[in-house]
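Listing of model16.cif, mmCIF, C-alpha atoms
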data_work
loop_
_atom_site.label_atom_id
_atom_site.label_comp_id
_atom_site.auth_asym_id
_atom_site.auth_seq_id
_atom_site.Cartn_x
_atom_site.Cartn_y
_atom_site.Cartn_z
CA MET U 1 101.47 42.90 224.79
CA ILE U 2 101.83 45.74 227.31
CA GLN U 3 105.25 44.32 228.17
CA ILE U 4 106.40 44.53 224.55
CA LEU U 5 105.16 48.09 224.32
CA LEU U 6 106.94 49.04 227.53
CA SER U 7 110.24 47.47 226.52
CA ALA U 8 109.96 49.13 223.10
CA LEU U 9 109.49 52.52 224.73
CA PHE U 10 112.24 51.86 227.26
CA PHE U 11 114.86 50.81 224.70
CA MET U 12 113.91 53.64 222.37
CA ALA U 13 114.40 56.18 225.13
CA LEU U 14 117.62 54.52 226.31
CA THR U 15 119.15 54.51 222.80
CA VAL U 16 118.20 58.09 221.98
CA GLY U 17 119.14 59.40 225.45
CA LEU U 18 122.52 57.66 225.50
CA TYR U 19 123.30 58.80 221.97
CA PHE U 20 122.65 62.46 222.77
CA ALA U 21 124.70 62.25 225.96
CA MET U 22 127.60 60.58 224.12
CA ASN U 23 127.35 63.14 221.33
CA VAL U 24 127.77 65.98 223.84
CA ILE U 25 130.86 64.26 225.25
CA TYR U 26 132.31 63.71 221.76
CA LEU U 27 131.72 67.33 220.73
CA LYS U 28 133.58 68.44 223.84
CA TYR U 29 136.76 66.36 223.32
CA ARG U 30 136.61 65.32 219.63
CA TRP U 31 138.68 62.15 220.01
CA ASN U 32 138.10 59.33 217.50
CA ALA U 33 137.76 56.84 220.34
CA LEU U 34 134.78 58.83 221.68
CA ASN U 35 132.83 58.45 218.40
CA PRO U 36 129.20 58.54 219.64
CA VAL U 37 128.14 55.43 217.68
CA LEU U 38 131.02 53.49 219.23
CA THR U 39 130.43 54.67 222.81
CA THR U 40 126.62 54.38 222.65
CA THR U 41 126.88 50.87 221.18
CA THR U 42 129.38 49.76 223.85
CA LEU U 43 127.22 51.05 226.71
CA LEU U 44 124.04 49.50 225.24
CA VAL U 45 125.71 46.11 224.74
CA LEU U 46 127.08 46.18 228.31
CA PHE U 47 123.62 47.08 229.61
CA LEU U 48 121.91 44.28 227.67
CA LEU U 49 124.47 41.68 228.74
CA LEU U 50 124.47 42.81 232.38
CA PHE U 51 120.67 42.63 232.73
CA ASP U 52 120.31 39.55 230.53
CA PHE U 53 118.26 41.06 227.70
CA THR U 54 118.39 39.49 224.24
CA TYR U 55 119.04 41.47 221.05
CA ASP U 56 115.52 40.58 219.89
CA THR U 57 113.99 42.20 222.98
CA TYR U 58 116.15 45.28 222.45
CA MET U 59 115.01 45.50 218.83
CA TYR U 60 111.36 46.11 219.82
CA GLY U 61 112.61 49.62 220.50
CA GLY U 62 115.69 49.51 218.29
CA SER U 63 113.74 48.94 215.08
CA VAL U 64 111.76 52.13 215.76
CA VAL U 65 115.01 54.11 216.10
CA MET U 66 116.24 52.57 212.82
CA PHE U 67 113.09 53.48 210.90
CA PRO U 68 114.45 56.73 209.30
CA LEU U 69 117.62 55.01 208.03
CA GLY U 70 116.34 54.39 204.49
CA PRO U 71 114.99 57.94 204.04
CA ALA U 72 118.34 59.24 205.37
CA VAL U 73 120.13 57.56 202.45
CA VAL U 74 117.70 59.29 200.07
CA ALA U 75 118.43 62.61 201.82
CA LEU U 76 122.12 62.29 200.84
CA ALA U 77 120.99 63.54 197.41
CA ILE U 78 120.76 67.07 198.85
CA PRO U 79 124.44 67.57 199.85
CA LEU U 80 125.50 65.94 196.57
CA TYR U 81 123.23 68.24 194.55
CA LYS U 82 124.68 71.27 196.36
CA GLN U 83 128.19 70.10 195.40
CA ARG U 84 127.27 69.51 191.75
CA GLU U 85 129.60 72.27 190.49
CA LEU U 86 132.55 70.61 192.24
CA LEU U 87 131.46 67.27 190.80
CA LYS U 88 131.24 68.71 187.28
CA ARG U 89 134.62 70.44 187.47
CA HIS U 90 136.53 67.34 188.64
CA PHE U 91 134.25 64.72 187.14
CA LEU U 92 136.95 62.46 185.70
CA ALA U 93 139.23 62.53 188.75
CA ILE U 94 136.32 61.90 191.13
CA THR U 95 134.63 59.09 189.21
CA LEU U 96 137.85 57.26 188.30
CA GLY U 97 139.26 57.54 191.83
CA ILE U 98 136.03 56.22 193.33
CA LEU U 99 135.44 53.41 190.81
CA VAL U 100 138.99 52.06 191.00
CA GLY U 101 139.20 52.58 194.79
CA ALA U 102 135.82 50.98 195.53
CA SER U 103 136.64 47.97 193.31
CA VAL U 104 140.05 47.45 194.94
CA GLY U 105 138.44 47.77 198.38
CA MET U 106 135.79 45.14 197.67
CA VAL U 107 137.96 42.67 195.77
CA SER U 108 140.91 42.80 198.20
CA GLY U 109 138.66 42.27 201.22
CA VAL U 110 136.71 39.41 199.67
CA LEU U 111 139.85 37.79 198.25
CA LEU U 112 141.73 37.82 201.57
CA ALA U 113 138.71 36.50 203.47
CA ALA U 114 138.16 33.76 200.88
CA LEU U 115 141.85 32.75 201.11
CA LEU U 116 141.44 32.38 204.88
CA ASP U 117 138.35 30.22 204.35
CA PHE U 118 135.78 32.39 206.06
CA PRO U 119 132.15 31.34 205.52
CA THR U 120 130.16 33.04 202.75
CA GLU U 121 127.85 34.77 205.24
CA ILE U 122 130.82 36.61 206.75
CA ILE U 123 132.44 37.45 203.41
CA SER U 124 129.14 38.97 202.22
CA ALA U 125 129.10 41.20 205.29
CA LEU U 126 132.75 42.15 204.72
CA LEU U 127 132.31 43.08 201.06
CA PRO U 128 130.64 46.52 201.55
CA LYS U 129 132.89 47.63 204.47
CA SER U 130 134.02 50.90 202.80
CA ILE U 131 130.43 52.03 202.17
CA THR U 132 128.32 54.16 204.52
CA SER U 133 126.53 51.91 207.08
CA PRO U 134 122.89 52.24 205.98
CA VAL U 135 123.75 51.20 202.41
CA ALA U 136 126.36 48.61 203.47
CA MET U 137 123.77 46.91 205.68
CA GLN U 138 121.30 46.65 202.81
CA ILE U 139 123.99 45.37 200.44
CA SER U 140 125.08 42.74 202.94
CA GLU U 141 121.49 41.58 203.43
CA SER U 142 120.81 41.41 199.70
CA LEU U 143 123.87 39.12 199.37
CA GLY U 144 122.71 36.89 202.22
CA GLY U 145 125.04 38.36 204.85
CA SER U 146 124.18 39.86 208.22
CA ALA U 147 123.36 43.57 208.56
CA PRO U 148 124.77 44.09 212.10
CA LEU U 149 128.02 42.38 211.16
CA ALA U 150 128.31 44.62 208.07
CA ALA U 151 127.75 47.70 210.26
CA VAL U 152 130.55 46.60 212.59
CA PHE U 153 132.98 45.99 209.69
CA VAL U 154 132.09 49.43 208.32
CA MET U 155 133.00 51.00 211.67
CA LEU U 156 136.33 49.12 211.76
CA ALA U 157 137.18 50.32 208.24
CA GLY U 158 136.29 53.88 209.22
CA PHE U 159 138.40 53.89 212.36
CA SER U 160 141.45 52.32 210.73
CA ALA U 161 141.34 54.97 207.98
CA ALA U 162 140.82 57.83 210.43
CA LEU U 163 143.74 56.70 212.60
CA ALA U 164 146.31 55.75 209.95
CA GLY U 165 145.03 57.67 206.90
CA PRO U 166 146.73 61.04 207.49
CA LEU U 167 150.16 59.43 207.98
CA MET U 168 149.80 57.13 204.95
CA MET U 169 148.79 60.02 202.73
CA LYS U 170 151.81 61.98 203.89
CA TRP U 171 154.17 59.10 203.00
CA LEU U 172 152.58 58.58 199.58
CA ARG U 173 152.45 62.33 198.90
CA ILE U 174 148.68 62.32 198.52
CA ASP U 175 148.64 65.99 199.43
CA SER U 176 146.01 67.66 197.21
CA PRO U 177 142.53 68.30 198.67
CA ILE U 178 141.12 66.17 195.83
CA GLY U 179 143.35 63.17 196.56
CA LYS U 180 142.83 63.36 200.33
CA GLY U 181 139.08 63.95 200.10
CA ILE U 182 138.43 61.15 197.59
CA ALA U 183 140.63 58.72 199.55
CA PHE U 184 138.86 59.45 202.86
CA GLY U 185 135.35 59.41 201.38
CA THR U 186 135.87 56.25 199.32
CA ALA U 187 137.67 54.20 201.99
CA ALA U 188 136.02 55.49 205.13
CA HIS U 189 132.51 56.94 204.51
CA GLY U 190 131.22 59.29 207.25
CA ILE U 191 134.11 58.79 209.67
CA GLY U 192 136.60 59.57 206.89
CA THR U 193 134.54 62.55 205.74
CA SER U 194 134.66 64.19 209.14
CA LYS U 195 138.42 63.54 209.21
CA ALA U 196 138.74 65.18 205.77
CA PHE U 197 136.87 68.27 207.02
CA GLU U 198 139.61 68.68 209.66
CA ASP U 199 141.98 69.11 206.72
CA GLY U 200 139.89 71.90 205.20
CA PRO U 201 136.52 72.57 203.57
CA GLU U 202 137.70 71.58 200.09
CA ALA U 203 138.91 68.12 201.13
CA GLY U 204 135.77 67.76 203.25
CA SER U 205 133.37 68.52 200.41
CA MET U 206 135.32 66.15 198.16
CA ALA U 207 135.03 63.43 200.78
CA SER U 208 131.29 63.90 201.18
CA VAL U 209 130.83 63.68 197.40
CA ALA U 210 133.04 60.56 197.36
CA MET U 211 131.16 58.98 200.27
CA THR U 212 127.81 59.37 198.50
CA LEU U 213 129.00 58.35 195.04
CA SER U 214 130.96 55.36 196.34
CA ALA U 215 127.76 54.16 198.03
CA VAL U 216 125.97 54.35 194.68
CA ALA U 217 128.88 52.74 192.83
CA GLY U 218 129.18 50.11 195.56
CA ALA U 219 125.52 49.15 195.27
CA PHE U 220 126.10 48.39 191.58
CA LEU U 221 129.55 46.79 191.99
CA ALA U 222 128.67 44.56 194.95
CA PRO U 223 126.48 42.03 193.10
CA VAL U 224 129.12 41.81 190.32
CA VAL U 225 131.96 41.12 192.78
CA ALA U 226 129.74 38.67 194.68
CA LEU U 227 128.88 36.81 191.49
CA TRP U 228 132.55 36.73 190.47
CA PHE U 229 133.56 35.10 193.76
CA GLY U 230 130.50 32.85 193.81
CA LEU U 231 129.04 34.31 197.02
CA MET N 1 104.28 76.28 211.51
CA LYS N 2 107.97 75.62 211.05
CA PHE N 3 107.46 72.13 212.48
CA LEU N 4 104.65 71.42 210.01
CA TRP N 5 106.87 72.60 207.12
CA LEU N 6 109.71 70.30 208.27
CA THR N 7 107.31 67.36 208.60
CA LEU N 8 106.05 67.92 205.06
CA GLN N 9 109.64 68.01 203.78
CA PHE N 10 110.41 64.80 205.64
CA LEU N 11 107.35 63.17 204.08
CA LEU N 12 108.60 64.24 200.65
CA VAL N 13 111.97 62.53 201.31
CA TYR N 14 110.08 59.52 202.63
CA GLY N 15 107.98 59.46 199.46
CA PHE N 16 111.13 59.14 197.33
CA TYR N 17 112.32 56.34 199.61
CA LEU N 18 109.00 54.49 199.22
CA ALA N 19 109.14 54.94 195.45
CA GLY N 20 112.62 53.36 195.42
CA GLU N 21 111.50 50.43 197.55
CA TRP N 22 108.38 49.99 195.42
CA LEU N 23 110.42 49.86 192.19
CA VAL N 24 112.88 47.34 193.67
CA ASN N 25 110.00 45.09 194.77
CA LEU N 26 108.14 45.52 191.49
CA PHE N 27 111.07 44.30 189.41
CA ASN N 28 112.21 41.90 192.12
CA ILE N 29 115.86 43.02 191.99
CA PRO N 30 118.22 42.47 194.95
CA PHE N 31 119.25 46.12 195.18
CA PRO N 32 118.93 48.69 197.99
CA GLY N 33 115.68 50.58 197.37
CA SER N 34 117.08 53.57 199.23
CA ILE N 35 119.75 54.04 196.54
CA ILE N 36 117.04 54.04 193.84
CA GLY N 37 115.16 56.64 195.91
CA PHE N 38 118.39 58.64 196.18
CA LEU N 39 118.90 58.57 192.39
CA LEU N 40 115.25 59.58 191.79
CA LEU N 41 115.56 62.54 194.17
CA PHE N 42 118.90 63.62 192.66
CA ALA N 43 117.37 63.46 189.15
CA ALA N 44 114.30 65.39 190.31
CA LEU N 45 116.54 68.13 191.73
CA CYS N 46 118.65 68.34 188.55
CA LEU N 47 115.53 68.50 186.35
CA LYS N 48 114.11 71.18 188.71
CA LEU N 49 111.02 69.00 189.32
CA VAL N 50 111.64 69.52 193.05
CA PRO N 51 113.02 72.90 194.11
CA LEU N 52 115.92 72.66 196.58
CA ARG N 53 114.24 74.86 199.20
CA ALA N 54 111.17 72.58 199.27
CA ILE N 55 113.23 69.70 200.64
CA GLU N 56 116.57 71.01 201.93
CA ALA N 57 115.72 71.72 205.58
CA GLY N 58 113.90 68.41 206.05
CA ALA N 59 116.70 66.42 204.43
CA GLN N 60 119.45 68.14 206.45
CA GLY N 61 117.35 67.50 209.56
CA ILE N 62 117.35 63.74 208.91
CA LEU N 63 121.05 63.69 208.02
CA ALA N 64 121.99 65.45 211.27
CA PHE N 65 120.86 62.33 213.16
CA LEU N 66 122.09 59.71 210.69
CA PRO N 67 124.57 58.09 213.14
CA LEU N 68 121.79 57.61 215.73
CA PHE N 69 119.70 55.62 213.24
CA PHE N 70 122.26 52.87 212.82
CA VAL N 71 123.17 52.43 216.50
CA PRO N 72 120.57 49.61 216.88
CA ALA N 73 122.30 47.78 214.00
CA THR N 74 125.76 48.03 215.54
CA VAL N 75 124.34 46.75 218.85
CA GLY N 76 123.72 43.53 216.89
CA ILE N 77 127.45 42.82 217.32
CA MET N 78 126.50 41.21 220.65
CA SER N 79 125.28 38.15 218.73
CA TYR N 80 128.71 37.79 217.08
CA PHE N 81 131.15 37.92 220.00
CA ASP N 82 132.26 34.28 219.61
CA LEU N 83 133.17 35.06 216.00
CA PHE N 84 135.73 37.68 217.05
CA ALA N 85 137.02 35.52 219.90
CA GLY N 86 138.32 32.88 217.46
CA SER N 87 139.84 33.34 214.02
CA GLY N 88 137.88 36.59 213.76
CA VAL N 89 140.97 38.59 214.70
CA TRP N 90 142.04 37.94 211.11
CA LEU N 91 138.94 39.77 209.96
CA ILE N 92 140.26 42.91 211.62
CA VAL N 93 143.62 42.47 209.85
CA ILE N 94 141.83 41.99 206.51
CA ILE N 95 139.70 45.10 207.02
CA VAL N 96 142.74 47.23 207.92
CA VAL N 97 144.85 46.00 204.97
CA SER N 98 141.98 46.33 202.48
CA THR N 99 141.09 49.82 203.79
CA PHE N 100 144.71 50.95 203.40
CA LEU N 101 144.74 49.66 199.81
CA THR N 102 141.52 51.59 199.12
CA ILE N 103 143.04 54.81 200.49
CA ILE N 104 146.22 54.40 198.43
CA VAL N 105 144.48 53.56 195.15
CA SER N 106 141.62 56.07 195.30
CA GLY N 107 143.94 58.84 196.54
CA LEU N 108 146.65 58.29 193.96
CA VAL N 109 144.27 57.75 191.02
CA SER N 110 142.13 60.84 191.73
CA GLN N 111 145.16 63.03 192.44
CA SER N 112 147.05 62.05 189.30
CA VAL N 113 143.97 62.28 187.05
CA ALA N 114 143.19 65.74 188.47
CA GLY N 115 146.80 66.78 187.86
CA THR N 116 146.74 65.59 184.24
CA VAL N 117 143.39 67.28 183.55
CA ASP N 118 144.67 70.55 185.06
CA LYS N 119 147.80 70.50 182.87
CA ARG N 120 145.74 69.92 179.72
CA ARG N 121 143.38 72.75 180.63
CA GLN N 122 146.35 75.10 181.15
CA ALA N 123 147.93 74.02 177.85
CA LYS N 124 144.78 75.01 175.96
#

Rendering of file as structure tokens:
Amino acid sequence: MIQILLSALFFMALTVGLYFAMNVIYLKYRWNALNPVLTTTTLLVLFLLLFDFTYDTYMYGGSVVMFPLGPAVVALAIPLYKQRELLKRHFLAITLGILVGASVGMVSGVLLAALLDFPTEIISALLPKSITSPVAMQISESLGGSAPLAAVFVMLAGFSAALAGPLMMKWLRIDSPIGKGIAFGTAAHGIGTSKAFEDGPEAGSMASVAMTLSAVAGAFLAPVVALWFGL
Amino acid sequence: MKFLWLTLQFLLVYGFYLAGEWLVNLFNIPFPGSIIGFLLLFAALCLKLVPLRAIEAGAQGILAFLPLFFVPATVGIMSYFDLFAGSGVWLIVIIVVSTFLTIIVSGLVSQSVAGTVDKRRQAK
């Protein structure tokens, strides 16, 4: 019992401490590759493997750190409410862009994975990859997929969009703050939103609206797409 | 005093989360309870049932640390290393292709709809 308590405390402190240290490093250099979630995760995994700890042991502390994740999703209502004028003014462009984009994102991913004969458990985790991690993890679980795997796919989607997005948008002449913001927020959640803010506050606010609304739309679309593909 | 105020605001956010989870369990629907909580809070703000200043600081406080909260989930990748060692490389290709498609479609659709709406508004 005391051992469980100690390892819980130890892994809590390690996760929080590492995250804050990695965040300081990221804020200093601001490279995508130094994303604090990516660096903290890598260091934690190396530590666990090196000292032969299992994921279950880690989660005694990890689950405590994860506790505010659900309330954090609820808290996204505040930034959206503050952007309600923007949402009202461009309602049609925002909702259509998100609905079509989110559907294409889900269907293309699931279709390609089904063609390559991946097991259902993996396809379910792949389906919500464009959606912000806390919601994607819940969607994956509700479809019978794994939450950690979904979180990893979400990160991969975010990084690929952050790295190649600006160039692609240039080629395709997606040059308005609306187009850029909606594309980044719909395809690449938080990572895309911070990239959009580098472009300017207007694209950034658009992206944060798109990130939140695509999570809501995704939660409704996911079971439909899953049913359609028989997941 | 400020800490107490922030804690109360956090509890208010948490209350909306619990309400969402409770509804999802009550009707036994496979849907993220947090999204229901989000919709309830957004509706409450729009209907002025909850004033913005009664919840804003607490909510922004939680959101500032959002990435930290899902680190334990991403650490779970350690149970899936053999997946990526094999045919899993294809998963990365799929994610990249599908993400690019999402960027193209959502960007082009929103930009062209916004352009059309703007032209109509100017014509009026």

What are the residues of chain N that have an atom within 8 Å of an atom of chain U, counting all atoms listed in the file, as a PyMOL selection string?
-> chain N and resi 13-14+16-17+30-32+34-35+37-39+41-42+45-46+52+56+59-60+62-63+66-80+91-92+94-96+98-114

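Here atom CA of U:Trp31 is placed at a distance of 29.1 Å from atom CA of N:Gly58.
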
Give me, please, the distance in Å between atom CA of N:Ala54 and atom CA of N:Lys2, quoted to one decimal.
->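 These atoms are spaced 12.6 Å apart.
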
Which distance in Å separates atom CA of U:Arg30 and atom CA of U:Gly17, to one decimal?
->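 That distance, rounded to one decimal, is 19.3 Å.
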
Which one is closest to U:Glu85: U:Val209, U:Leu231, U:Ala162, U:Val225? Count all atoms listed in the file.
->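 Using all atoms listed in the file, U:Glu85 sits closest to U:Val209.
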
Mind completing stretch 122-139 of chain U with N, CA, C and O atoms? Output as a JSON list (two decimals), in the frame of the given file, please?
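Contents of the output file out13.json:
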[["chain", "number", "residue", "atom", "x", "y", "z"],
["U", 122, "ILE", "N", 129.92, 35.58, 206.22],
["U", 122, "ILE", "CA", 130.82, 36.61, 206.75],
["U", 122, "ILE", "C", 131.46, 37.41, 205.62],
["U", 122, "ILE", "O", 131.57, 38.64, 205.70],
["U", 123, "ILE", "N", 131.83, 36.73, 204.54],
["U", 123, "ILE", "CA", 132.44, 37.45, 203.41],
["U", 123, "ILE", "C", 131.45, 38.45, 202.82],
["U", 123, "ILE", "O", 131.81, 39.57, 202.48],
["U", 124, "SER", "N", 130.16, 38.06, 202.74],
["U", 124, "SER", "CA", 129.14, 38.97, 202.22],
["U", 124, "SER", "C", 129.01, 40.22, 203.08],
["U", 124, "SER", "O", 128.72, 41.31, 202.58],
["U", 125, "ALA", "N", 129.19, 40.05, 204.40],
["U", 125, "ALA", "CA", 129.10, 41.20, 205.29],
["U", 125, "ALA", "C", 130.36, 42.06, 205.20],
["U", 125, "ALA", "O", 130.33, 43.26, 205.47],
["U", 126, "LEU", "N", 131.47, 41.45, 204.82],
["U", 126, "LEU", "CA", 132.75, 42.15, 204.72],
["U", 126, "LEU", "C", 132.83, 42.97, 203.43],
["U", 126, "LEU", "O", 133.47, 44.03, 203.40],
["U", 127, "LEU", "N", 132.20, 42.47, 202.38],
["U", 127, "LEU", "CA", 132.31, 43.08, 201.06],
["U", 127, "LEU", "C", 132.03, 44.59, 201.05],
["U", 127, "LEU", "O", 132.82, 45.35, 200.50],
["U", 128, "PRO", "N", 130.92, 45.08, 201.67],
["U", 128, "PRO", "CA", 130.64, 46.52, 201.55],
["U", 128, "PRO", "C", 131.26, 47.37, 202.66],
["U", 128, "PRO", "O", 130.75, 48.45, 202.95],
["U", 129, "LYS", "N", 132.38, 46.96, 203.27],
["U", 129, "LYS", "CA", 132.89, 47.63, 204.47],
["U", 129, "LYS", "C", 133.30, 49.10, 204.27],
["U", 129, "LYS", "O", 133.35, 49.85, 205.22],
["U", 130, "SER", "N", 133.60, 49.51, 203.02],
["U", 130, "SER", "CA", 134.02, 50.90, 202.80],
["U", 130, "SER", "C", 132.83, 51.84, 202.60],
["U", 130, "SER", "O", 133.00, 53.04, 202.51],
["U", 131, "ILE", "N", 131.63, 51.25, 202.52],
["U", 131, "ILE", "CA", 130.43, 52.03, 202.17],
["U", 131, "ILE", "C", 129.70, 52.47, 203.43],
["U", 131, "ILE", "O", 129.73, 51.78, 204.45],
["U", 132, "THR", "N", 129.04, 53.62, 203.37],
["U", 132, "THR", "CA", 128.32, 54.16, 204.52],
["U", 132, "THR", "C", 127.32, 53.13, 205.08],
["U", 132, "THR", "O", 126.62, 52.45, 204.31],
["U", 133, "SER", "N", 127.28, 53.00, 206.41],
["U", 133, "SER", "CA", 126.53, 51.91, 207.08],
["U", 133, "SER", "C", 125.14, 51.60, 206.54],
["U", 133, "SER", "O", 124.86, 50.43, 206.28],
["U", 134, "PRO", "N", 124.24, 52.61, 206.40],
["U", 134, "PRO", "CA", 122.89, 52.24, 205.98],
["U", 134, "PRO", "C", 122.87, 51.49, 204.65],
["U", 134, "PRO", "O", 122.09, 50.55, 204.49],
["U", 135, "VAL", "N", 123.72, 51.88, 203.70],
["U", 135, "VAL", "CA", 123.75, 51.20, 202.41],
["U", 135, "VAL", "C", 124.49, 49.87, 202.54],
["U", 135, "VAL", "O", 124.05, 48.85, 201.99],
["U", 136, "ALA", "N", 125.59, 49.85, 203.29],
["U", 136, "ALA", "CA", 126.36, 48.61, 203.47],
["U", 136, "ALA", "C", 125.49, 47.52, 204.07],
["U", 136, "ALA", "O", 125.55, 46.36, 203.66],
["U", 137, "MET", "N", 124.64, 47.89, 205.04],
["U", 137, "MET", "CA", 123.77, 46.91, 205.68],
["U", 137, "MET", "C", 122.80, 46.31, 204.68],
["U", 137, "MET", "O", 122.56, 45.10, 204.67],
["U", 138, "GLN", "N", 122.24, 47.15, 203.82],
["U", 138, "GLN", "CA", 121.30, 46.65, 202.81],
["U", 138, "GLN", "C", 122.00, 45.77, 201.79],
["U", 138, "GLN", "O", 121.46, 44.76, 201.36],
["U", 139, "ILE", "N", 123.24, 46.17, 201.41],
["U", 139, "ILE", "CA", 123.99, 45.37, 200.44],
["U", 139, "ILE", "C", 124.28, 44.00, 201.03],
["U", 139, "ILE", "O", 124.07, 42.96, 200.40]]
